[in-house]
$ cat input.cif   # mmCIF, C-alpha atoms and all ligand atoms
data_my_file
loop_
_atom_site.group_PDB
_atom_site.id
_atom_site.type_symbol
_atom_site.label_atom_id
_atom_site.label_comp_id
_atom_site.auth_asym_id
_atom_site.auth_seq_id
_atom_site.Cartn_x
_atom_site.Cartn_y
_atom_site.Cartn_z
ATOM 1 C CA MET Z 1 -99.248 -63.421 -12.047
ATOM 2 C CA ARG Z 2 -99.276 -67.168 -12.602
ATOM 3 C CA THR Z 3 -95.824 -68.276 -13.699
ATOM 4 C CA GLY Z 4 -96.371 -71.949 -14.444
ATOM 5 C CA PRO Z 5 -97.379 -73.478 -17.749
ATOM 6 C CA LEU Z 6 -100.171 -71.650 -19.522
ATOM 7 C CA ILE Z 7 -102.473 -74.534 -20.137
ATOM 8 C CA GLY Z 8 -101.673 -77.715 -18.270
ATOM 9 C CA LYS Z 9 -100.498 -78.722 -14.824
ATOM 10 C CA ASN Z 10 -97.440 -80.073 -16.620
ATOM 11 C CA ASN Z 11 -96.173 -78.754 -19.898
ATOM 12 C CA ASP Z 12 -96.430 -81.934 -21.986
ATOM 13 C CA LEU Z 13 -99.457 -80.588 -23.814
ATOM 14 C CA GLU Z 14 -97.905 -77.199 -24.512
ATOM 15 C CA ALA Z 15 -94.554 -78.639 -25.570
ATOM 16 C CA ASN Z 16 -96.269 -80.426 -28.429
ATOM 17 C CA MET Z 17 -98.253 -77.443 -29.642
ATOM 18 C CA ASP Z 18 -97.526 -75.007 -32.419
ATOM 19 C CA TRP Z 19 -97.252 -71.351 -31.457
ATOM 20 C CA GLY Z 20 -100.594 -70.492 -33.068
ATOM 21 C CA LEU Z 21 -102.474 -73.241 -31.281
ATOM 22 C CA LYS Z 22 -100.892 -72.315 -27.964
ATOM 23 C CA ASN Z 23 -101.700 -68.667 -28.578
ATOM 24 C CA ARG Z 24 -105.352 -69.383 -29.370
ATOM 25 C CA LEU Z 25 -105.825 -71.659 -26.375
ATOM 26 C CA SER Z 26 -104.194 -69.124 -24.061
ATOM 27 C CA ARG Z 27 -106.701 -66.509 -25.213
ATOM 28 C CA ILE Z 28 -109.434 -68.789 -23.797
ATOM 29 C CA ILE Z 29 -107.740 -70.251 -20.707
ATOM 30 C CA LYS Z 30 -106.260 -67.133 -19.193
ATOM 31 C CA PRO Z 31 -102.530 -67.417 -18.428
ATOM 32 C CA ASP Z 32 -102.686 -65.270 -15.282
ATOM 33 C CA THR Z 33 -105.062 -67.637 -13.477
ATOM 34 C CA GLY Z 34 -104.888 -70.777 -15.645
ATOM 35 C CA ARG Z 35 -108.698 -70.686 -15.705
ATOM 36 C CA THR Z 36 -111.575 -69.582 -17.900
ATOM 37 C CA VAL Z 37 -115.165 -68.344 -17.844
ATOM 38 C CA MET Z 38 -116.596 -69.313 -21.220
ATOM 39 C CA LEU Z 39 -120.084 -68.110 -22.066
ATOM 40 C CA ALA Z 40 -122.123 -70.802 -23.865
ATOM 41 C CA VAL Z 41 -124.874 -69.464 -26.123
ATOM 42 C CA ASP Z 42 -124.964 -72.275 -28.700
ATOM 43 C CA HIS Z 43 -128.118 -73.940 -27.371
ATOM 44 C CA GLY Z 44 -130.256 -72.951 -30.378
ATOM 45 C CA TYR Z 45 -128.398 -75.334 -32.673
ATOM 46 C CA PHE Z 46 -130.703 -78.132 -31.531
ATOM 47 C CA LEU Z 47 -133.117 -76.430 -29.071
ATOM 48 C CA GLY Z 48 -134.244 -73.503 -31.242
ATOM 49 C CA PRO Z 49 -135.101 -70.236 -29.437
ATOM 50 C CA THR Z 50 -134.106 -71.252 -25.923
ATOM 51 C CA SER Z 51 -135.486 -69.144 -23.085
ATOM 52 C CA GLY Z 52 -133.182 -66.165 -22.587
ATOM 53 C CA LEU Z 53 -131.704 -66.509 -26.065
ATOM 54 C CA GLU Z 54 -134.752 -65.489 -28.112
ATOM 55 C CA LYS Z 55 -132.857 -62.404 -29.281
ATOM 56 C CA PRO Z 56 -129.230 -63.491 -29.070
ATOM 57 C CA ARG Z 57 -127.695 -60.060 -29.651
ATOM 58 C CA LYS Z 58 -129.665 -58.572 -26.779
ATOM 59 C CA THR Z 59 -128.527 -61.362 -24.464
ATOM 60 C CA ILE Z 60 -124.916 -61.462 -25.562
ATOM 61 C CA GLU Z 61 -123.946 -57.785 -25.767
ATOM 62 C CA PRO Z 62 -124.095 -56.850 -22.058
ATOM 63 C CA LEU Z 63 -122.232 -60.043 -21.125
ATOM 64 C CA LEU Z 64 -119.364 -59.664 -23.601
ATOM 65 C CA PRO Z 65 -117.092 -57.586 -21.334
ATOM 66 C CA TYR Z 66 -117.159 -60.326 -18.680
ATOM 67 C CA ALA Z 67 -116.718 -63.481 -20.777
ATOM 68 C CA ASP Z 68 -113.323 -65.007 -21.603
ATOM 69 C CA SER Z 69 -114.793 -66.562 -24.746
ATOM 70 C CA LEU Z 70 -118.080 -67.025 -26.518
ATOM 71 C CA MET Z 71 -119.283 -70.476 -27.582
ATOM 72 C CA LEU Z 72 -121.831 -70.283 -30.390
ATOM 73 C CA THR Z 73 -122.738 -71.242 -33.954
ATOM 74 C CA ARG Z 74 -121.728 -69.321 -37.049
ATOM 75 C CA GLY Z 75 -125.315 -68.156 -37.562
ATOM 76 C CA VAL Z 76 -125.512 -66.404 -34.208
ATOM 77 C CA LEU Z 77 -121.930 -65.164 -34.531
ATOM 78 C CA ARG Z 78 -122.630 -63.463 -37.856
ATOM 79 C CA THR Z 79 -125.978 -61.987 -36.870
ATOM 80 C CA SER Z 80 -125.531 -61.169 -33.225
ATOM 81 C CA VAL Z 81 -121.903 -60.387 -32.379
ATOM 82 C CA PRO Z 82 -120.199 -57.231 -33.652
ATOM 83 C CA PRO Z 83 -117.069 -58.166 -35.647
ATOM 84 C CA GLU Z 84 -115.204 -55.497 -33.662
ATOM 85 C CA ALA Z 85 -115.801 -57.422 -30.425
ATOM 86 C CA ASP Z 86 -112.516 -58.373 -28.798
ATOM 87 C CA ILE Z 87 -113.426 -61.856 -27.621
ATOM 88 C CA PRO Z 88 -112.134 -65.314 -28.566
ATOM 89 C CA ILE Z 89 -114.754 -67.369 -30.374
ATOM 90 C CA VAL Z 90 -115.347 -71.069 -29.751
ATOM 91 C CA LEU Z 91 -117.349 -72.073 -32.789
ATOM 92 C CA ARG Z 92 -119.784 -74.970 -32.533
ATOM 93 C CA VAL Z 93 -119.255 -77.010 -35.678
ATOM 94 C CA SER Z 94 -121.383 -80.076 -34.939
ATOM 95 C CA GLY Z 95 -125.123 -80.407 -35.413
ATOM 96 C CA GLY Z 96 -127.719 -81.727 -37.802
ATOM 97 C CA THR Z 97 -130.193 -82.886 -35.147
ATOM 98 C CA SER Z 98 -132.995 -81.300 -33.138
ATOM 99 C CA ILE Z 99 -134.609 -81.913 -29.780
ATOM 100 C CA LEU Z 100 -137.234 -83.902 -31.737
ATOM 101 C CA SER Z 101 -134.733 -86.437 -33.118
ATOM 102 C CA GLU Z 102 -131.930 -88.789 -32.009
ATOM 103 C CA LEU Z 103 -129.439 -86.281 -30.579
ATOM 104 C CA SER Z 104 -126.347 -88.403 -31.140
ATOM 105 C CA ASN Z 105 -126.890 -88.409 -34.907
ATOM 106 C CA GLU Z 106 -124.707 -85.325 -35.367
ATOM 107 C CA GLY Z 107 -122.242 -84.505 -38.102
ATOM 108 C CA ILE Z 108 -119.809 -81.684 -38.787
ATOM 109 C CA THR Z 109 -121.784 -78.660 -39.990
ATOM 110 C CA THR Z 110 -119.094 -76.063 -40.566
ATOM 111 C CA SER Z 111 -115.828 -76.358 -42.491
ATOM 112 C CA ILE Z 112 -112.431 -75.521 -41.067
ATOM 113 C CA GLU Z 113 -112.043 -72.907 -43.835
ATOM 114 C CA GLU Z 114 -115.132 -71.172 -42.451
ATOM 115 C CA ALA Z 115 -113.656 -71.344 -38.948
ATOM 116 C CA VAL Z 116 -110.492 -69.657 -40.254
ATOM 117 C CA ARG Z 117 -112.572 -67.029 -42.105
ATOM 118 C CA LEU Z 118 -114.435 -66.285 -38.874
ATOM 119 C CA ASN Z 119 -111.108 -65.961 -37.042
ATOM 120 C CA VAL Z 120 -112.088 -68.368 -34.278
ATOM 121 C CA ALA Z 121 -109.847 -69.499 -31.437
ATOM 122 C CA ALA Z 122 -111.397 -72.960 -31.161
ATOM 123 C CA VAL Z 123 -114.001 -75.232 -32.678
ATOM 124 C CA ALA Z 124 -116.410 -77.348 -30.601
ATOM 125 C CA LEU Z 125 -118.051 -80.674 -31.346
ATOM 126 C CA SER Z 126 -120.185 -83.022 -29.248
ATOM 127 C CA ILE Z 127 -119.324 -86.658 -28.690
ATOM 128 C CA PHE Z 128 -121.958 -89.138 -27.541
ATOM 129 C CA ILE Z 129 -120.301 -92.038 -25.723
ATOM 130 C CA GLY Z 130 -122.616 -95.039 -25.394
ATOM 131 C CA ALA Z 131 -125.275 -93.546 -27.693
ATOM 132 C CA PRO Z 132 -126.423 -94.978 -31.032
ATOM 133 C CA HIS Z 133 -124.052 -92.773 -33.072
ATOM 134 C CA GLU Z 134 -121.039 -92.969 -30.747
ATOM 135 C CA LYS Z 135 -118.694 -94.115 -33.522
ATOM 136 C CA GLU Z 136 -119.647 -91.383 -36.002
ATOM 137 C CA THR Z 137 -119.224 -88.641 -33.393
ATOM 138 C CA LEU Z 138 -115.820 -89.990 -32.333
ATOM 139 C CA LEU Z 139 -114.626 -90.214 -35.923
ATOM 140 C CA SER Z 140 -115.914 -86.673 -36.492
ATOM 141 C CA LEU Z 141 -113.868 -85.515 -33.505
ATOM 142 C CA SER Z 142 -110.757 -87.216 -34.884
ATOM 143 C CA ARG Z 143 -111.275 -85.639 -38.311
ATOM 144 C CA LEU Z 144 -111.865 -82.234 -36.781
ATOM 145 C CA VAL Z 145 -108.624 -82.479 -34.774
ATOM 146 C CA ASN Z 146 -106.716 -83.425 -37.944
ATOM 147 C CA GLU Z 147 -108.127 -80.439 -39.845
ATOM 148 C CA ALA Z 148 -108.059 -77.875 -37.032
ATOM 149 C CA GLU Z 149 -104.457 -78.628 -36.086
ATOM 150 C CA GLU Z 150 -103.406 -77.870 -39.674
ATOM 151 C CA CYS Z 151 -104.643 -74.323 -39.008
ATOM 152 C CA GLY Z 152 -103.516 -74.004 -35.394
ATOM 153 C CA ILE Z 153 -107.100 -73.964 -34.150
ATOM 154 C CA ALA Z 154 -107.946 -75.640 -30.829
ATOM 155 C CA VAL Z 155 -110.672 -78.285 -30.517
ATOM 156 C CA LEU Z 156 -113.153 -78.485 -27.646
ATOM 157 C CA ALA Z 157 -114.887 -81.862 -27.252
ATOM 158 C CA VAL Z 158 -118.294 -81.582 -25.587
ATOM 159 C CA THR Z 159 -119.192 -84.754 -23.707
ATOM 160 C CA ALA Z 160 -122.897 -84.642 -24.446
ATOM 161 C CA VAL Z 161 -124.952 -87.062 -22.412
ATOM 162 C CA GLY Z 162 -127.635 -89.173 -24.071
ATOM 163 C CA LYS Z 163 -131.050 -89.742 -22.518
ATOM 164 C CA ASP Z 164 -130.148 -93.093 -20.955
ATOM 165 C CA MET Z 165 -126.694 -92.213 -19.645
ATOM 166 C CA VAL Z 166 -125.940 -91.532 -15.991
ATOM 167 C CA ARG Z 167 -123.754 -88.478 -15.413
ATOM 168 C CA ASP Z 168 -121.493 -90.193 -12.891
ATOM 169 C CA ALA Z 169 -117.708 -90.110 -12.498
ATOM 170 C CA ARG Z 170 -117.276 -93.465 -14.223
ATOM 171 C CA TYR Z 171 -119.162 -92.381 -17.332
ATOM 172 C CA LEU Z 172 -117.756 -88.857 -17.509
ATOM 173 C CA SER Z 173 -114.157 -90.086 -16.935
ATOM 174 C CA LEU Z 174 -114.636 -92.496 -19.819
ATOM 175 C CA ALA Z 175 -116.002 -89.773 -22.105
ATOM 176 C CA CYS Z 176 -113.387 -87.128 -21.196
ATOM 177 C CA ARG Z 177 -110.490 -89.532 -21.505
ATOM 178 C CA ILE Z 178 -111.625 -90.790 -24.910
ATOM 179 C CA ALA Z 179 -111.977 -87.179 -26.114
ATOM 180 C CA ALA Z 180 -108.425 -86.400 -25.002
ATOM 181 C CA GLU Z 181 -107.044 -89.623 -26.490
ATOM 182 C CA LEU Z 182 -108.517 -88.669 -29.867
ATOM 183 C CA GLY Z 183 -106.761 -85.315 -29.698
ATOM 184 C CA ALA Z 184 -109.184 -82.781 -28.216
ATOM 185 C CA HIS Z 185 -107.242 -79.865 -26.717
ATOM 186 C CA PHE Z 186 -109.808 -79.261 -23.985
ATOM 187 C CA VAL Z 187 -113.000 -80.984 -22.890
ATOM 188 C CA LYS Z 188 -116.372 -79.814 -21.666
ATOM 189 C CA THR Z 189 -118.230 -82.059 -19.269
ATOM 190 C CA TYR Z 190 -120.517 -82.007 -16.226
ATOM 191 C CA TYR Z 191 -119.730 -81.769 -12.551
ATOM 192 C CA CYS Z 192 -120.478 -84.943 -10.564
ATOM 193 C CA ASP Z 193 -119.611 -86.608 -7.269
ATOM 194 C CA GLY Z 194 -116.021 -87.829 -7.536
ATOM 195 C CA PHE Z 195 -115.185 -85.149 -10.102
ATOM 196 C CA GLU Z 196 -111.488 -85.256 -9.156
ATOM 197 C CA GLU Z 197 -111.366 -88.656 -10.908
ATOM 198 C CA VAL Z 198 -112.832 -87.105 -14.075
ATOM 199 C CA ALA Z 199 -110.383 -84.176 -14.118
ATOM 200 C CA GLY Z 200 -107.483 -86.206 -12.777
ATOM 201 C CA THR Z 201 -107.603 -88.876 -15.474
ATOM 202 C CA CYS Z 202 -108.018 -86.460 -18.378
ATOM 203 C CA PRO Z 203 -104.664 -85.196 -19.662
ATOM 204 C CA VAL Z 204 -106.106 -81.980 -21.128
ATOM 205 C CA PRO Z 205 -108.004 -79.140 -19.379
ATOM 206 C CA VAL Z 206 -111.590 -79.859 -18.393
ATOM 207 C CA VAL Z 207 -114.332 -77.225 -18.063
ATOM 208 C CA ILE Z 208 -117.874 -77.796 -16.855
ATOM 209 C CA ALA Z 209 -121.270 -76.897 -18.268
ATOM 210 C CA GLY Z 210 -123.734 -75.276 -15.898
ATOM 211 C CA GLY Z 211 -126.719 -77.439 -16.883
ATOM 212 C CA LYS Z 212 -130.342 -76.493 -16.281
ATOM 213 C CA LYS Z 213 -131.099 -73.210 -14.536
ATOM 214 C CA THR Z 214 -130.851 -73.481 -10.761
ATOM 215 C CA PRO Z 215 -130.919 -70.789 -8.065
ATOM 216 C CA GLU Z 216 -127.832 -68.569 -8.383
ATOM 217 C CA LYS Z 217 -126.307 -69.750 -5.107
ATOM 218 C CA GLU Z 218 -126.489 -73.384 -6.282
ATOM 219 C CA ALA Z 219 -124.863 -72.547 -9.606
ATOM 220 C CA LEU Z 220 -122.043 -70.744 -7.794
ATOM 221 C CA ASP Z 221 -121.615 -73.749 -5.477
ATOM 222 C CA LEU Z 222 -121.368 -75.944 -8.574
ATOM 223 C CA ALA Z 223 -118.668 -73.736 -10.114
ATOM 224 C CA TRP Z 224 -116.774 -73.588 -6.820
ATOM 225 C CA ASN Z 225 -116.877 -77.370 -6.343
ATOM 226 C CA ALA Z 226 -115.815 -77.961 -9.932
ATOM 227 C CA VAL Z 227 -112.727 -75.740 -9.790
ATOM 228 C CA LYS Z 228 -111.870 -77.073 -6.342
ATOM 229 C CA HIS Z 229 -111.851 -80.600 -7.773
ATOM 230 C CA GLY Z 230 -109.798 -79.871 -10.869
ATOM 231 C CA ALA Z 231 -111.927 -78.086 -13.480
ATOM 232 C CA ARG Z 232 -110.136 -75.252 -15.256
ATOM 233 C CA GLY Z 233 -113.302 -73.213 -15.298
ATOM 234 C CA VAL Z 234 -116.788 -73.193 -16.740
ATOM 235 C CA ASP Z 235 -118.481 -73.085 -20.111
ATOM 236 C CA MET Z 236 -121.758 -71.873 -18.659
ATOM 237 C CA GLY Z 237 -124.941 -70.852 -20.423
ATOM 238 C CA ARG Z 238 -128.403 -71.046 -18.846
ATOM 239 C CA ASN Z 239 -127.287 -70.337 -15.300
ATOM 240 C CA ILE Z 240 -125.945 -67.025 -16.585
ATOM 241 C CA PHE Z 241 -128.295 -65.865 -19.329
ATOM 242 C CA GLN Z 242 -131.462 -67.173 -17.639
ATOM 243 C CA SER Z 243 -130.539 -65.499 -14.354
ATOM 244 C CA GLU Z 244 -132.721 -62.577 -13.348
ATOM 245 C CA ALA Z 245 -129.508 -60.545 -13.385
ATOM 246 C CA PRO Z 246 -127.162 -62.074 -15.998
ATOM 247 C CA VAL Z 247 -124.450 -59.407 -15.744
ATOM 248 C CA ALA Z 248 -124.354 -59.750 -11.957
ATOM 249 C CA MET Z 249 -124.251 -63.542 -12.284
ATOM 250 C CA ILE Z 250 -121.355 -63.693 -14.723
ATOM 251 C CA GLN Z 251 -119.367 -61.376 -12.457
ATOM 252 C CA ALA Z 252 -120.057 -63.688 -9.523
ATOM 253 C CA VAL Z 253 -118.962 -66.713 -11.585
ATOM 254 C CA ARG Z 254 -115.747 -64.868 -12.478
ATOM 255 C CA ALA Z 255 -115.113 -64.217 -8.789
ATOM 256 C CA VAL Z 256 -115.286 -67.965 -8.089
ATOM 257 C CA VAL Z 257 -113.259 -69.078 -11.093
ATOM 258 C CA HIS Z 258 -110.585 -66.397 -11.379
ATOM 259 C CA GLU Z 259 -110.432 -64.864 -7.908
ATOM 260 C CA ARG Z 260 -111.003 -68.176 -6.090
ATOM 261 C CA LYS Z 261 -113.729 -66.602 -3.980
ATOM 262 C CA ALA Z 262 -115.929 -68.961 -1.971
ATOM 263 C CA ALA Z 263 -119.431 -69.434 -3.391
ATOM 264 C CA ALA Z 264 -121.021 -67.562 -0.447
ATOM 265 C CA GLU Z 265 -118.815 -64.523 -1.066
ATOM 266 C CA ALA Z 266 -119.513 -64.632 -4.786
ATOM 267 C CA TYR Z 267 -123.246 -64.816 -4.036
ATOM 268 C CA ASP Z 268 -122.954 -61.637 -1.961
ATOM 269 C CA LEU Z 269 -121.289 -60.025 -4.954
ATOM 270 C CA PHE Z 270 -124.167 -61.228 -7.154
ATOM 271 C CA LEU Z 271 -126.718 -59.621 -4.816
ATOM 272 C CA LYS Z 272 -124.733 -56.398 -4.706
ATOM 273 C CA GLU Z 273 -124.361 -56.201 -8.496
ATOM 274 C CA LYS Z 274 -128.013 -57.172 -8.999
ATOM 275 C CA ARG Z 275 -129.101 -54.126 -7.001
ATOM 276 C CA LYS Z 276 -127.255 -51.795 -9.360
ATOM 277 C CA LYS Z 277 -129.462 -49.855 -11.745
ATOM 278 C CA GLY Z 278 -130.019 -51.585 -15.067
ATOM 279 C CA ASN Z 279 -128.341 -54.799 -13.936
ATOM 280 C CA LYS Z 280 -131.539 -56.831 -13.706
ATOM 281 C CA THR Z 281 -132.946 -58.887 -16.582
ATOM 282 C CA GLU Z 282 -131.417 -56.522 -19.120
ATOM 283 C CA ALA Z 283 -130.020 -59.453 -21.079
ATOM 284 C CA HIS Z 284 -133.494 -60.872 -21.758
HETATM 285 C C1 LIG M 1 -125.005 -78.186 -25.193
HETATM 286 O O1 LIG M 1 -124.607 -79.123 -25.827
HETATM 287 C C2 LIG M 1 -124.419 -76.892 -25.377
HETATM 288 O O2 LIG M 1 -123.093 -77.055 -25.812
HETATM 289 C C3 LIG M 1 -124.442 -75.906 -24.208
HETATM 290 O O3 LIG M 1 -123.543 -74.923 -24.543
HETATM 291 C C4 LIG M 1 -124.079 -76.506 -22.893
HETATM 292 O O4 LIG M 1 -125.087 -77.345 -22.458
HETATM 293 C C5 LIG M 1 -123.659 -75.468 -21.826
HETATM 294 O O5 LIG M 1 -124.639 -74.718 -21.447
HETATM 295 P P1 LIG M 1 -125.378 -74.851 -20.036
HETATM 296 O O6 LIG M 1 -124.475 -74.196 -19.033
HETATM 297 O O7 LIG M 1 -126.631 -74.085 -20.272
HETATM 298 O O8 LIG M 1 -125.588 -76.300 -19.734
#
$ encode --input "input.cif" --output "C-alpha cells" --more "lines below"
Ligand code: R5P
Amino acid sequence: MRTGPLIGKNNDLEANMDWGLKNRLSRIIKPDTGRTVMLAVDHGYFLGPTSGLEKPRKTIEPLLPYADSLMLTRGVLRTSVPPEADIPIVLRVSGGTSILSELSNEGITTSIEEAVRLNVAAVALSIFIGAPHEKETLLSLSRLVNEAEECGIAVLAVTAVGKDMVRDARYLSLACRIAAELGAHFVKTYYCDGFEEVAGTCPVPVVIAGGKKTPEKEALDLAWNAVKHGARGVDMGRNIFQSEAPVAMIQAVRAVVHERKAAAEAYDLFLKEKRKKGNKTEAH
C-alpha cells in the first residue's frame, strides 16, 4: 500500500483541495500506486466514427473492468455506458470543431451543471498552445477551473498539438506548465525525448496519450518510458481499442503502470491473454 500523498509527489496540491475534489481525483489516480490507466474513447467528438469506436458500447463494455476511468463525451456516455457501471467518468467538455476545420477553434460544449448531473469525477478540455485560437482555449480552461472547483470536480487539460507544432520537450513543457498555472488539476500530454523535463516542471500530475496505433510492444515501451520519466500513467485510446486484442492490451498496460512491470514482461502477458478464448478483437 502506498502511504505517501494520494496525488502529488509533495502534498501542496492536496493541501489546497476540498475533500470532494480530492476524493474525485483519487478515484482516477489510484492511491495504492499513485498511478492511473485512463481509457480514452472521446475521439469521435471531432473525428466521427473512429476505427474501433464505430459501436462505442461494444468497444467499451469488455474494457470497463480494467480501466481506472473512462474519458468520453456526454453523448457516448449516455448511449453507450450503463449507468450502473462503477467507473469514474472524465467528461470531455470542449469541442465545436471537426477534422475538416481549424481544430483549435474549440469552445466549451457542456455545462458544469450537466457534469454534476452525470456524476462525473473530472471534466476535460483541450488547450492549443501556439495555435490560432490559443487565447480562447486558455480562457476556456480558466473558466472551466473556476466553475468546476465550485462543485469539487477535477479538471484535466489536454495539451492538443496543432498541425505545425513539434511535440518536443520544450513545447510540451510550455503547454503543461501553462495548463497547471491556469489551475488544471492534472494534464494530458505526449511522451517525448526529455520527458522528465515535461513532468518535472509541471506541478500537477501528468498522464500521456498513446497516439496513433503502433505495434503492441511499442505502445507498452511508450507507457513504460513515460512512467519511468515521471508520468503518473496513461490516458490511452487507439493503442488499446484498435489492438487486435483490446482486453489483453489494457491488462498489459495496467501491468506496466500499476505493477511496474517492464515492457517486455507486459508484452508476454499480452500474448498470453490474447490466446485466451474470446479475448481477440471482441471489442471491435
Ligand atoms: C484527443 O484529443 C483525444 O482526447 C484522445 O482521447 C487522445 O488523443 C488519447 O487517445 P490516443 O491514445 O488514441 O491518442
$ resolve_selection --input "input.cif" --expression "the PyMOL selection byres (((chain Z and resi 113) around 12) and not hetatm)" --output "NGL selection string"
:Z and (93 or 109-112 or 114-120 or 123 or 144 or 147-148 or 150-151 or 153)
$ closest_residue --input "input.cif" --among "Z:Arg167, Z:Arg74, Z:Arg254, Z:Lys261" --to "Thr36 (chain Z)" --atoms "all atoms listed in the file"
Z:Arg254
$ residues_near_ligand --input "input.cif" --ligand "ligand LIG 1 (chain M)" --cutoff "8 Å" --atoms "only C-alpha atoms and all ligand atoms" --output "NGL selection string"
:Z and (40-43 or 71-72 or 92 or 126 or 158 or 160 or 208-213 or 235-240)
$ write_last_selection --input "input.cif" --atoms "C-alpha atoms" --output "compact mmCIF listing (two decimals), in the frame of the given file"
# COMPACT_ATOMS: atom_id res chain seq x y z
CA ALA Z 40 -122.12 -70.80 -23.86
CA VAL Z 41 -124.87 -69.46 -26.12
CA ASP Z 42 -124.96 -72.28 -28.70
CA HIS Z 43 -128.12 -73.94 -27.37
CA MET Z 71 -119.28 -70.48 -27.58
CA LEU Z 72 -121.83 -70.28 -30.39
CA ARG Z 92 -119.78 -74.97 -32.53
CA SER Z 126 -120.18 -83.02 -29.25
CA VAL Z 158 -118.29 -81.58 -25.59
CA ALA Z 160 -122.90 -84.64 -24.45
CA ILE Z 208 -117.87 -77.80 -16.86
CA ALA Z 209 -121.27 -76.90 -18.27
CA GLY Z 210 -123.73 -75.28 -15.90
CA GLY Z 211 -126.72 -77.44 -16.88
CA LYS Z 212 -130.34 -76.49 -16.28
CA LYS Z 213 -131.10 -73.21 -14.54
CA ASP Z 235 -118.48 -73.08 -20.11
CA MET Z 236 -121.76 -71.87 -18.66
CA GLY Z 237 -124.94 -70.85 -20.42
CA ARG Z 238 -128.40 -71.05 -18.85
CA ASN Z 239 -127.29 -70.34 -15.30
CA ILE Z 240 -125.94 -67.03 -16.58
$ closest_residue --input "input.cif" --among "Z:Gly183, Z:Gly152, Z:Gly52, Z:Gly194" --to "Glu244 (chain Z)" --atoms "only C-alpha atoms"
Z:Gly52
$ atom_distance --input "input.cif" --atom1 "CA of Ser104 (chain Z)" --atom2 "CA of Leu125 (chain Z)"
11.3 Å
$ atom_distance --input "input.cif" --atom1 "CA of Ser26 (chain Z)" --atom2 "CA of Ala231 (chain Z)"
15.9 Å
$ closest_residue --input "input.cif" --among "Z:Leu100, Z:Leu21, Z:Ile28, Z:Ala85" --to "Pro62 (chain Z)" --atoms "only C-alpha atoms"
Z:Ala85
$ atom_distance --input "input.cif" --atom1 "CA of Thr159 (chain Z)" --atom2 "CA of Gly107 (chain Z)"
14.7 Å
$ build_atoms --input "input.cif" --residues "region 218-232 of chain Z" --atoms "N, CA and C atoms" --output "PDB file, in the frame of the given file"
ATOM      1  N   GLU Z 218    -126.825 -71.994  -5.915  1.00  0.00           N
ATOM      2  CA  GLU Z 218    -126.489 -73.384  -6.282  1.00  0.00           C
ATOM      3  C   GLU Z 218    -125.525 -73.436  -7.458  1.00  0.00           C
ATOM      4  N   ALA Z 219    -125.756 -72.557  -8.429  1.00  0.00           N
ATOM      5  CA  ALA Z 219    -124.863 -72.547  -9.606  1.00  0.00           C
ATOM      6  C   ALA Z 219    -123.459 -72.109  -9.210  1.00  0.00           C
ATOM      7  N   LEU Z 220    -123.371 -71.187  -8.263  1.00  0.00           N
ATOM      8  CA  LEU Z 220    -122.043 -70.744  -7.794  1.00  0.00           C
ATOM      9  C   LEU Z 220    -121.366 -71.851  -6.982  1.00  0.00           C
ATOM     10  N   ASP Z 221    -122.156 -72.585  -6.203  1.00  0.00           N
ATOM     11  CA  ASP Z 221    -121.615 -73.749  -5.477  1.00  0.00           C
ATOM     12  C   ASP Z 221    -121.045 -74.777  -6.464  1.00  0.00           C
ATOM     13  N   LEU Z 222    -121.793 -74.990  -7.540  1.00  0.00           N
ATOM     14  CA  LEU Z 222    -121.368 -75.944  -8.574  1.00  0.00           C
ATOM     15  C   LEU Z 222    -120.021 -75.522  -9.167  1.00  0.00           C
ATOM     16  N   ALA Z 223    -119.921 -74.245  -9.528  1.00  0.00           N
ATOM     17  CA  ALA Z 223    -118.668 -73.736 -10.114  1.00  0.00           C
ATOM     18  C   ALA Z 223    -117.527 -73.870  -9.109  1.00  0.00           C
ATOM     19  N   TRP Z 224    -117.801 -73.530  -7.859  1.00  0.00           N
ATOM     20  CA  TRP Z 224    -116.774 -73.588  -6.820  1.00  0.00           C
ATOM     21  C   TRP Z 224    -116.291 -75.024  -6.614  1.00  0.00           C
ATOM     22  N   ASN Z 225    -117.243 -75.957  -6.515  1.00  0.00           N
ATOM     23  CA  ASN Z 225    -116.877 -77.370  -6.343  1.00  0.00           C
ATOM     24  C   ASN Z 225    -116.076 -77.889  -7.533  1.00  0.00           C
ATOM     25  N   ALA Z 226    -116.487 -77.472  -8.717  1.00  0.00           N
ATOM     26  CA  ALA Z 226    -115.815 -77.961  -9.932  1.00  0.00           C
ATOM     27  C   ALA Z 226    -114.362 -77.502  -9.970  1.00  0.00           C
ATOM     28  N   VAL Z 227    -114.120 -76.206  -9.716  1.00  0.00           N
ATOM     29  CA  VAL Z 227    -112.727 -75.740  -9.790  1.00  0.00           C
ATOM     30  C   VAL Z 227    -111.910 -76.306  -8.623  1.00  0.00           C
ATOM     31  N   LYS Z 228    -112.566 -76.476  -7.490  1.00  0.00           N
ATOM     32  CA  LYS Z 228    -111.870 -77.073  -6.342  1.00  0.00           C
ATOM     33  C   LYS Z 228    -111.390 -78.492  -6.671  1.00  0.00           C
ATOM     34  N   HIS Z 229    -112.187 -79.208  -7.474  1.00  0.00           N
ATOM     35  CA  HIS Z 229    -111.851 -80.600  -7.773  1.00  0.00           C
ATOM     36  C   HIS Z 229    -111.191 -80.778  -9.137  1.00  0.00           C
ATOM     37  N   GLY Z 230    -110.669 -79.697  -9.688  1.00  0.00           N
ATOM     38  CA  GLY Z 230    -109.798 -79.871 -10.869  1.00  0.00           C
ATOM     39  C   GLY Z 230    -110.280 -79.279 -12.180  1.00  0.00           C
ATOM     40  N   ALA Z 231    -111.495 -78.721 -12.221  1.00  0.00           N
ATOM     41  CA  ALA Z 231    -111.927 -78.086 -13.480  1.00  0.00           C
ATOM     42  C   ALA Z 231    -111.126 -76.808 -13.696  1.00  0.00           C
ATOM     43  N   ARG Z 232    -110.882 -76.479 -14.951  1.00  0.00           N
ATOM     44  CA  ARG Z 232    -110.136 -75.252 -15.256  1.00  0.00           C
ATOM     45  C   ARG Z 232    -111.074 -74.076 -15.485  1.00  0.00           C
TER      46      ARG Z 232
END
